[in-house]
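This is work14.cif. It holds mmCIF, C-alpha atoms.
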data_structure
loop_
_atom_site.group_PDB
_atom_site.id
_atom_site.type_symbol
_atom_site.label_atom_id
_atom_site.label_comp_id
_atom_site.auth_asym_id
_atom_site.auth_seq_id
_atom_site.Cartn_x
_atom_site.Cartn_y
_atom_site.Cartn_z
ATOM 1 C CA MET A 1 -2.388 -22.393 -1.222
ATOM 2 C CA THR A 2 -1.637 -18.760 -0.383
ATOM 3 C CA ILE A 3 1.471 -17.326 -2.054
ATOM 4 C CA GLU A 4 4.138 -15.930 0.274
ATOM 5 C CA ARG A 5 5.910 -12.673 -0.530
ATOM 6 C CA SER A 6 9.610 -13.036 -1.321
ATOM 7 C CA THR A 7 12.038 -11.976 1.410
ATOM 8 C CA PHE A 8 14.016 -10.155 -1.299
ATOM 9 C CA ALA A 9 12.678 -6.774 -2.436
ATOM 10 C CA GLY A 10 10.873 -6.864 -5.761
ATOM 11 C CA MET A 11 11.349 -10.611 -6.242
ATOM 12 C CA THR A 12 7.833 -11.956 -5.633
ATOM 13 C CA ASP A 13 6.666 -13.845 -8.727
ATOM 14 C CA TYR A 14 2.939 -13.218 -9.277
ATOM 15 C CA THR A 15 2.653 -15.559 -12.273
ATOM 16 C CA GLY A 16 -0.536 -17.587 -11.929
ATOM 17 C CA VAL A 17 -1.467 -16.007 -8.595
ATOM 18 C CA SER A 18 -5.184 -15.761 -7.792
ATOM 19 C CA LEU A 19 -7.034 -12.491 -7.314
ATOM 20 C CA ALA A 20 -7.850 -13.612 -3.752
ATOM 21 C CA ASP A 21 -4.110 -13.802 -2.963
ATOM 22 C CA ILE A 22 -3.515 -10.413 -4.602
ATOM 23 C CA LEU A 23 -6.245 -8.916 -2.399
ATOM 24 C CA MET A 24 -4.610 -10.402 0.681
ATOM 25 C CA HIS A 25 -1.273 -8.799 -0.250
ATOM 26 C CA LEU A 26 -2.943 -5.465 -0.964
ATOM 27 C CA ARG A 27 -4.547 -5.559 2.493
ATOM 28 C CA ASP A 28 -1.096 -6.131 3.999
ATOM 29 C CA TRP A 29 0.327 -3.206 2.007
ATOM 30 C CA GLU A 30 -2.525 -0.948 3.130
ATOM 31 C CA ARG A 31 -2.099 -1.917 6.794
ATOM 32 C CA ASN A 32 1.705 -1.519 6.749
ATOM 33 C CA THR A 33 1.570 1.795 4.876
ATOM 34 C CA SER A 34 -1.035 3.213 7.270
ATOM 35 C CA GLN A 35 1.125 2.125 10.206
ATOM 36 C CA ALA A 36 4.209 3.802 8.708
ATOM 37 C CA ALA A 37 2.239 7.052 8.289
ATOM 38 C CA ALA A 38 1.126 6.864 11.934
ATOM 39 C CA ASN A 39 4.702 6.159 13.074
ATOM 40 C CA LEU A 40 6.011 9.205 11.219
ATOM 41 C CA ARG A 41 3.345 11.406 12.798
ATOM 42 C CA ALA A 42 4.409 10.108 16.212
ATOM 43 C CA HIS A 43 8.073 10.764 15.356
ATOM 44 C CA SER A 44 7.175 14.386 14.538
ATOM 45 C CA ILE A 45 5.944 14.879 18.095
ATOM 46 C CA ARG A 46 9.256 13.655 19.460
ATOM 47 C CA VAL A 47 11.225 15.813 16.996
ATOM 48 C CA GLU A 48 9.378 18.858 18.357
ATOM 49 C CA ALA A 49 10.261 17.800 21.901
ATOM 50 C CA GLU A 50 13.931 17.160 21.057
ATOM 51 C CA LYS A 51 14.507 19.979 18.565
ATOM 52 C CA GLU A 52 17.203 21.670 20.678
ATOM 53 C CA ARG A 53 19.284 18.480 20.473
ATOM 54 C CA LEU A 54 18.895 17.984 16.702
ATOM 55 C CA GLN A 55 21.105 19.427 13.982
ATOM 56 C CA ASN A 56 18.269 20.520 11.681
ATOM 57 C CA PRO A 57 14.889 19.807 13.295
ATOM 58 C CA ARG A 58 12.935 21.726 10.635
ATOM 59 C CA ALA A 59 14.268 19.450 7.902
ATOM 60 C CA VAL A 60 13.478 16.337 9.958
ATOM 61 C CA LEU A 61 9.951 17.625 10.624
ATOM 62 C CA ALA A 62 9.494 18.387 6.924
ATOM 63 C CA PHE A 63 10.606 14.843 6.049
ATOM 64 C CA CYS A 64 8.152 13.286 8.534
ATOM 65 C CA ALA A 65 5.307 15.519 7.328
ATOM 66 C CA LYS A 66 5.972 14.824 3.652
ATOM 67 C CA PHE A 67 6.088 11.056 3.987
ATOM 68 C CA SER A 68 3.278 10.672 6.512
ATOM 69 C CA GLU A 69 1.039 12.612 4.108
ATOM 70 C CA LEU A 70 2.288 10.655 1.072
ATOM 71 C CA PHE A 71 1.797 7.323 2.817
ATOM 72 C CA GLY A 72 -1.703 8.391 3.787
ATOM 73 C CA ARG A 73 -2.472 8.871 0.087
ATOM 74 C CA TYR A 74 -0.838 5.537 -0.783
ATOM 75 C CA ALA A 75 -2.960 3.813 1.868
ATOM 76 C CA ALA A 76 -6.138 5.432 0.503
ATOM 77 C CA ASP A 77 -5.370 4.087 -2.980
ATOM 78 C CA LEU A 78 -4.654 0.627 -1.586
ATOM 79 C CA LYS A 79 -7.908 0.736 0.376
ATOM 80 C CA ARG A 80 -9.748 1.651 -2.818
ATOM 81 C CA LEU A 81 -8.202 -1.347 -4.607
ATOM 82 C CA VAL A 82 -9.197 -3.717 -1.799
ATOM 83 C CA SER A 83 -12.743 -2.323 -1.872
ATOM 84 C CA GLU A 84 -13.269 -2.309 -5.651
ATOM 85 C CA LEU A 85 -11.369 -5.339 -6.984
ATOM 86 C CA PRO A 86 -13.854 -7.963 -5.709
ATOM 87 C CA SER A 87 -16.449 -6.451 -8.088
ATOM 88 C CA GLY A 88 -14.137 -6.758 -11.098
ATOM 89 C CA VAL A 89 -10.718 -5.516 -12.214
ATOM 90 C CA ARG A 90 -10.621 -2.426 -14.430
ATOM 91 C CA ASP A 91 -7.788 -0.668 -16.274
ATOM 92 C CA ALA A 92 -7.900 2.087 -13.643
ATOM 93 C CA HIS A 93 -6.908 -0.419 -10.969
ATOM 94 C CA VAL A 94 -3.815 -1.483 -12.910
ATOM 95 C CA LYS A 95 -2.927 2.208 -13.385
ATOM 96 C CA ILE A 96 -3.199 2.811 -9.634
ATOM 97 C CA VAL A 97 -0.762 -0.041 -8.922
ATOM 98 C CA ARG A 98 1.699 1.310 -11.492
ATOM 99 C CA GLN A 99 1.381 4.870 -10.124
ATOM 100 C CA LEU A 100 2.090 3.632 -6.597
ATOM 101 C CA TYR A 101 5.193 1.797 -7.796
ATOM 102 C CA ASP A 102 6.441 4.761 -9.865
ATOM 103 C CA SER A 103 5.888 7.226 -7.021
ATOM 104 C CA ALA A 104 7.674 5.022 -4.481
ATOM 105 C CA LYS A 105 10.598 4.525 -6.846
ATOM 106 C CA HIS A 106 10.837 8.286 -7.453
ATOM 107 C CA GLU A 107 10.653 9.235 -3.760
ATOM 108 C CA ASP A 108 13.186 6.638 -2.637
ATOM 109 C CA ASP A 109 16.115 8.952 -3.473
ATOM 110 C CA SER A 110 15.006 11.584 -0.958
ATOM 111 C CA ILE A 111 14.752 8.893 1.731
ATOM 112 C CA LEU A 112 18.315 7.789 0.988
ATOM 113 C CA ARG A 113 19.459 11.428 1.178
ATOM 114 C CA PHE A 114 17.825 11.683 4.609
ATOM 115 C CA ARG A 115 19.772 8.601 5.703
ATOM 116 C CA ASN A 116 23.057 10.040 4.434
ATOM 117 C CA ASP A 117 22.476 13.454 6.032
ATOM 118 C CA TYR A 118 20.890 12.493 9.350
ATOM 119 C CA VAL A 119 21.632 8.843 10.107
ATOM 120 C CA TYR A 120 25.174 8.574 8.737
ATOM 121 C CA GLY A 121 26.117 12.230 9.210
ATOM 122 C CA ALA A 122 27.528 14.074 12.215
ATOM 123 C CA LEU A 123 24.968 14.672 14.953
ATOM 124 C CA LYS A 124 24.612 17.320 17.600
ATOM 125 C CA ASP A 125 23.568 14.614 20.088
ATOM 126 C CA GLU A 126 24.782 11.100 19.344
ATOM 127 C CA SER A 127 22.104 9.557 21.578
ATOM 128 C CA LEU A 128 19.451 10.524 18.975
ATOM 129 C CA ARG A 129 21.035 8.528 16.126
ATOM 130 C CA HIS A 130 18.806 5.486 16.771
ATOM 131 C CA PHE A 131 15.726 7.713 16.778
ATOM 132 C CA LEU A 132 16.683 9.206 13.403
ATOM 133 C CA GLU A 133 17.373 5.703 12.124
ATOM 134 C CA ASP A 134 13.826 4.715 13.159
ATOM 135 C CA ILE A 135 12.439 7.607 11.099
ATOM 136 C CA TYR A 136 14.494 6.512 8.105
ATOM 137 C CA THR A 137 13.506 2.846 8.521
ATOM 138 C CA ASP A 138 9.773 3.575 8.747
ATOM 139 C CA ALA A 139 9.908 5.507 5.469
ATOM 140 C CA ARG A 140 12.357 3.248 3.656
ATOM 141 C CA GLU A 141 10.565 -0.017 4.416
ATOM 142 C CA VAL A 142 7.446 1.167 2.585
ATOM 143 C CA MET A 143 9.470 1.998 -0.521
ATOM 144 C CA VAL A 144 11.291 -1.336 -0.459
ATOM 145 C CA ASP A 145 8.010 -3.186 0.085
ATOM 146 C CA PHE A 146 6.406 -1.405 -2.887
ATOM 147 C CA GLN A 147 9.005 -2.818 -5.298
ATOM 148 C CA ASP A 148 6.797 -5.915 -5.673
ATOM 149 C CA LEU A 149 4.059 -3.731 -7.189
ATOM 150 C CA SER A 150 5.978 -3.778 -10.483
ATOM 151 C CA ASN A 151 5.456 -7.566 -10.583
ATOM 152 C CA LEU A 152 1.856 -7.401 -9.413
ATOM 153 C CA ALA A 153 0.664 -4.925 -12.091
ATOM 154 C CA PRO A 154 1.029 -7.251 -15.127
ATOM 155 C CA ARG A 155 -0.701 -10.085 -13.254
ATOM 156 C CA LEU A 156 -3.563 -7.809 -12.209
ATOM 157 C CA GLU A 157 -3.916 -6.732 -15.835
ATOM 158 C CA THR A 158 -4.783 -10.319 -16.813
ATOM 159 C CA PHE A 159 -7.980 -10.059 -14.734
ATOM 160 C CA VAL A 160 -9.287 -6.921 -16.507
ATOM 161 C CA GLY A 161 -12.710 -7.585 -18.007
ATOM 162 C CA SER A 162 -13.087 -11.031 -16.395
ATOM 163 C CA GLU A 163 -15.869 -12.072 -14.068
ATOM 164 C CA PRO A 164 -14.687 -11.869 -10.456
ATOM 165 C CA PRO A 165 -13.490 -15.346 -9.407
ATOM 166 C CA ARG A 166 -15.893 -17.191 -7.109
ATOM 167 C CA GLU A 167 -13.402 -17.256 -4.227
ATOM 168 C CA VAL A 168 -13.351 -13.448 -4.193
ATOM 169 C CA LEU A 169 -17.129 -13.290 -3.961
ATOM 170 C CA THR A 170 -17.384 -15.740 -1.071
ATOM 171 C CA ASP A 171 -17.122 -12.859 1.398
ATOM 172 C CA PHE A 172 -20.421 -11.594 0.015
ATOM 173 C CA HIS A 173 -22.202 -14.958 0.037
ATOM 174 C CA LEU A 174 -25.638 -14.372 1.495
ATOM 175 C CA LYS A 175 -28.946 -16.039 0.650
ATOM 176 C CA PRO A 176 -31.688 -14.775 2.936
ATOM 177 C CA ASN A 177 -34.953 -16.665 2.651
ATOM 178 C CA VAL A 178 -38.230 -14.955 3.493
ATOM 179 C CA PHE A 179 -41.532 -16.742 2.804
ATOM 180 C CA GLY A 180 -39.790 -19.187 0.488
ATOM 181 C CA LEU A 181 -38.104 -16.498 -1.612
ATOM 182 C CA GLY A 182 -34.320 -16.470 -1.865
ATOM 183 C CA TRP A 183 -31.884 -13.833 -3.040
ATOM 184 C CA ASN A 184 -28.567 -14.777 -4.645
ATOM 185 C CA ILE A 185 -26.388 -11.752 -3.905
ATOM 186 C CA ASN A 186 -23.497 -13.235 -5.946
ATOM 187 C CA ARG A 187 -25.616 -13.111 -9.097
ATOM 188 C CA THR A 188 -26.658 -9.544 -8.285
ATOM 189 C CA LEU A 189 -23.015 -8.507 -7.874
ATOM 190 C CA ALA A 190 -22.104 -10.167 -11.177
ATOM 191 C CA ARG A 191 -24.882 -8.227 -12.947
ATOM 192 C CA ILE A 192 -23.757 -4.965 -11.353
ATOM 193 C CA ASN A 193 -20.214 -5.760 -12.478
ATOM 194 C CA ARG A 194 -21.321 -6.380 -16.085
ATOM 195 C CA TRP A 195 -23.349 -3.137 -16.076
ATOM 196 C CA TRP A 196 -20.365 -1.201 -14.666
ATOM 197 C CA ARG A 197 -18.006 -2.459 -17.374
ATOM 198 C CA ASN A 198 -20.461 -1.807 -20.209
ATOM 199 C CA ARG A 199 -21.755 1.591 -19.143
#
Go through the file and emit its structure as structure tokens.
Amino acid sequence: MTIERSTFAGMTDYTGVSLADILMHLRDWERNTSQAAANLRAHSIRVEAEKERLQNPRAVLAFCAKFSELFGRYAADLKRLVSELPSGVRDAHVKIVRQLYDSAKHEDDSILRFRNDYVYGALKDESLRHFLEDIYTDAREVMVDFQDLSNLAPRLETFVGSEPPREVLTDFHLKPNVFGLGWNINRTLARINRWWRNR
């Protein structure tokens, strides 16, 4: 049975969770983070169009640029995890998860400052408050979502050095048969994994 993420930030319990479920969650994180980066880039276009009606458009543009770029890097790391973990979990993968969590925790303060200054503060044009709230929400939701990474890291660490579970390798299951000869790609991947860990 697939584990569901907790509705409360940072409260998902990854005890005993399979690597297949972890990969599914990482795919969700990568998709959501990429979408947030795209949303912030789109918001920047509107900020440029509405800059005469905004209190400090340069600061809003800087915020969108900073977090769209940061989320792009987060998404690249998550994509790397999704790509590499099926071949075996390494210490570097656990470090990536911890770095993502630490970075999100560190950057959360500047997102809250943006909310206080631009969502809760006085505005030049009150009709743009919902737009500024959308910018804040797109950035903040990623940081809240990443709180579960602190729980995922210790579980991922338990897979370091283990053979990839069979359910993770099922995506690669292929046994072509030409002139009576077969090729077990799962065995090949396992050998590559052992070579990678021992090199």
Residues returned when the PyMOL selection byres ((chain A and resi 154) around 12) runs on this file, as a VMD selection string: chain A and resid 13 to 17 22 91 93 to 95 97 to 98 148 to 153 155 to 160
Could you please determine the separation between CA of Leu112 in chain A and CA of Arg5 in chain A in Å, to one decimal place?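 Rounded to one decimal, the two atoms are 24.0 Å apart.
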As a check of understanding, name the residues that the PyMOL selection byres ((chain A and resi 100) around 9) selects in the supplied structure, as a list in words.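 Applying the PyMOL selection byres ((chain A and resi 100) around 9) to the structure shown produces Tyr74, Asp77, Leu78, Lys95, Ile96, Val97, Arg98, Gln99, Tyr101, Asp102, Ser103, Ala104, Lys105, Phe146 and Leu149 of chain A.
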Nearest to Glu4 in chain A among A:Asp138, A:Leu70, A:Met24, A:Lys124, with distances taken over all atoms listed in the file: which residue is it?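 Of the candidates, the smallest distance to Glu4 in chain A is held by A:Met24.
Evaluated against the shown file, the PyMOL selection byres ((chain A and resi 68) around 7) gives Ala37, Ala38, Leu40, Arg41, Cys64, Ala65, Lys66, Phe67, Glu69, Leu70, Phe71 and Gly72 of chain A.
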Gap from CA of Ile111 in chain A to CA of Asp28 in chain A - Å, one decimal: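 Between CA of Ile111 in chain A and CA of Asp28 in chain A the gap is 22.0 Å.
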CA of Glu133 in chain A to CA of Leu26 in chain A, straight-line distance in Å: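 Computed distance, CA of Leu26 in chain A to CA of Glu133 in chain A, equals 26.6 Å.
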With a distance cut-off of 8 Å and only C-alpha atoms, select the neighbouring residues of Glu48 in chain A, excluding the residue or stretch itself and same-chain residues fewer than 3 positions from it, and output the selection as a list in words.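 Counting only the stated atoms, we get Ser44, Ile45, Lys51, Pro57 and Leu61 of chain A.
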Measuring atom to atom with only C-alpha atoms, identify which of A:Asn32, A:Gln55, A:Ser18, A:Ser110 is nearest to Glu126 in chain A.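 Closest residue, counting only C-alpha atoms: A:Gln55.
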Proximity to Glu52 in chain A - best of A:Leu23, A:Leu123, A:Ala75, A:Ala92, all atoms listed in the file: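 Checking each of A:Leu23, A:Leu123, A:Ala75, A:Ala92 against Glu52 in chain A, counting all atoms listed in the file, the winner is A:Leu123.
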Just checking: using all atoms listed in the file, which residue out of A:Leu132, A:Val142, A:Thr137, A:Arg80 ends up closest to Arg46 in chain A? A:Leu132
